[in-house]
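Below is one structure, written out as structure tokens; comments come after it.
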Amino acid sequence: MYADEELEMVCSKAWPPVVGEPLGQWRLRWADGFTGRANSALAVGDPGMTVPAALAAVCDFAHARAIPPAVQVVQDSEQERAVAAAGWGEQVGHAAGHRVSVLTGPLPAGPGPGAEVLDGPTSQWWELTVGTSEPSVAERHVMTTGKVGYGVVSADGVTAGAVRGAIVDGWLHVSRLAVRPDFRRRGLARAVLYALAAWGRAQGAEQWVLQVAVDNTGALALYSGLGCTEHHRYRYWGPGQRTCEDPQS
């Protein structure tokens with residue numbers, strides 16, 4: 001059984017930033033603003049200094065790269081209590097939701113009609129998962145680095161659903177599941193997930209892990225129906241006005 005912080009490290013390796021620097025056991029991350037996971041400090045383990053000093057280093061790293069300072073920290077952990085005591089607050093304005101459920105489960109077996117996993121992303125895959133057929137350098141780095149499979153499911157001659165899977169330390173990390181609005185409620189999400197699970201087993205994985213915002217009730221219900229349960233939660237925290245001043249402002 002993986003501890004919460006160990007599983008956070010697995011997920012972080014499956015979602016690599018363009019720039020990643022260690023801060024003790026913490027990890028400073030930058031990807032030109034593409035997703036909170038790749039543009040926050042993963043605050044797990046010992047930063048090798050006091051938490052206030054580590055948070056100051058997070059601020060310096062973020063300001064130097066023109067992103068908002070933020071930390072990703074396991075909910076209700078000792079680290080989260082220390083971050084709160086240093087004057088930081090929950091980053092409630094985080095666009096994708098600042099509270100996230102980390103789900104795990106055995107890889108399911110089932111039919112995936114019309115679904116397959118590609119070795120490389122297509123333009124339609126990019127359109128569904130990122131919103132553009134011409135991803136930026138940072139988007140391409142985050143989404144394609146490592147052992148990655150690109151799940152697609154077709155309907156009416158187009159790519160109607162897509163998902164990303166990455167193999168890390170024997171886990172299949174699942175992200176960016178998307179189905180075109182006109183094709184929803186046809187079972188396509190399940191189909192492409194079943195195909196991805198079969199691909200993951202072929203790569204030696206036995207379990208998958210997913211990070212889903214707690215207010216994304218539809219996704220949580222889908223994954224629950226596939227046998228996933230909550231392992232833990234994490235939250236994003238940001239500085240107060242006087243706890244992280246930008247020296248350039």
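By convention in this document, the chains of the structure tokens carry letters A, B, ... by their order, each chain's residues are numbered from 1, and ligands are numbered from 1 in the order they are shown.
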Report task. Extract the full set of strand (DSSP E or B) residues from segment 55-104 of chain A according to DSSP on the backbone, and format it as a ChimeraX atom specification. Result -> /A:71-74,89-90,99-104
Please identify every residue of segment 150-194 of chain A that has at least one atom no farther than 9 Å from an atom of segment 126-133 of chain A, counting only C-alpha atoms, and for each give the shortest atom pair and the distance in Å to one decimal, arranged by chain then increasing number, as a tab-separated table.
```
residue	atom	partner	partner_atom	distance
A:Thr159	CA	A:Leu128	CA	8.5
A:Ala160	CA	A:Leu128	CA	8.3
A:Gly161	CA	A:Leu128	CA	7.2
A:Ala162	CA	A:Leu128	CA	6.5
A:Val163	CA	A:Thr129	CA	7.0
A:Arg164	CA	A:Thr129	CA	8.1
A:Ser175	CA	A:Thr129	CA	9.0
A:Arg176	CA	A:Thr129	CA	5.5
A:Leu177	CA	A:Thr129	CA	6.9
A:Ala178	CA	A:Leu128	CA	6.0
A:Val179	CA	A:Leu128	CA	7.2
A:Arg180	CA	A:Leu128	CA	7.2
```
Proximity of segment 5-90 of chain A to segment 184-208 of chain A: per-residue shortest pair, 12 Å limit, only C-alpha atoms, as a Markdown table:
```
| residue | atom | partner | partner_atom | distance |
| --- | --- | --- | --- | --- |
| A:Leu7 | CA | A:Trp208 | CA | 11.1 |
| A:Val10 | CA | A:Trp208 | CA | 11.0 |
| A:Cys11 | CA | A:Trp208 | CA | 10.4 |
| A:Ala14 | CA | A:Trp208 | CA | 11.6 |
```
Return as a PDB file with C-alpha atoms, in the first residue's frame the full set of residues in segment 66-139 of chain A whose backbone-based DSSP assignment is alpha helix (DSSP H).
```pdb
ATOM      1  CA  GLU A  78       1.400  17.801   8.778  1.00  0.00           C
ATOM      2  CA  GLN A  79       2.783  19.754   5.833  1.00  0.00           C
ATOM      3  CA  GLU A  80      -0.585  21.312   5.097  1.00  0.00           C
ATOM      4  CA  ARG A  81      -0.937  22.439   8.713  1.00  0.00           C
ATOM      5  CA  ALA A  82       2.532  23.982   8.540  1.00  0.00           C
ATOM      6  CA  VAL A  83       1.657  25.797   5.286  1.00  0.00           C
ATOM      7  CA  ALA A  84      -1.487  27.194   6.906  1.00  0.00           C
ATOM      8  CA  ALA A  85       0.477  28.261  10.000  1.00  0.00           C
ATOM      9  CA  SER A 123      -4.235  16.528 -34.172  1.00  0.00           C
ATOM     10  CA  GLN A 124      -7.749  15.467 -33.125  1.00  0.00           C
ATOM     11  CA  TRP A 125      -6.350  13.960 -29.916  1.00  0.00           C
ATOM     12  CA  TRP A 126      -4.709  17.309 -29.130  1.00  0.00           C
ATOM     13  CA  GLU A 127      -7.924  19.191 -29.887  1.00  0.00           C
ATOM     14  CA  LEU A 128      -9.873  17.074 -27.416  1.00  0.00           C
ATOM     15  CA  THR A 129      -7.342  16.901 -24.606  1.00  0.00           C
ATOM     16  CA  VAL A 137       6.174  23.623 -26.361  1.00  0.00           C
ATOM     17  CA  ALA A 138       5.206  23.320 -22.683  1.00  0.00           C
ATOM     18  CA  GLU A 139       1.963  21.476 -23.437  1.00  0.00           C
TER      19      GLU A 139
END
```
Query raised in the report: Any idea what's packed within 8 Å of Val73 of chain A, counting only C-alpha atoms, ignoring anything in its chain fewer than 4 positions away? Could you give it as a PyMOL selection string?
Result: chain A and resi 42-44+77+79-80+234-237
Report summary line: As a check of understanding: the span from atom CA of Gly89 of chain A to atom CA of Pro69 of chain A is 11.6 Å
Requested in this report: Name the closest residue to Pro47 of chain A among the candidates A:Trp171, A:Trp26, A:Trp15, A:Tyr223; distances are taken between atoms, counting only C-alpha atoms.
Outcome: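 Looking at the shortest contact to Pro47 of chain A, the residue is A:Trp26.
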Query raised in the report: Within 10 Å of Ser12 of chain A, counting only C-alpha atoms, which residues qualify if same-chain residues fewer than 6 places away don't, as a ChimeraX atom specification?
Result: /A:6,27,29,37-38,42,168,173
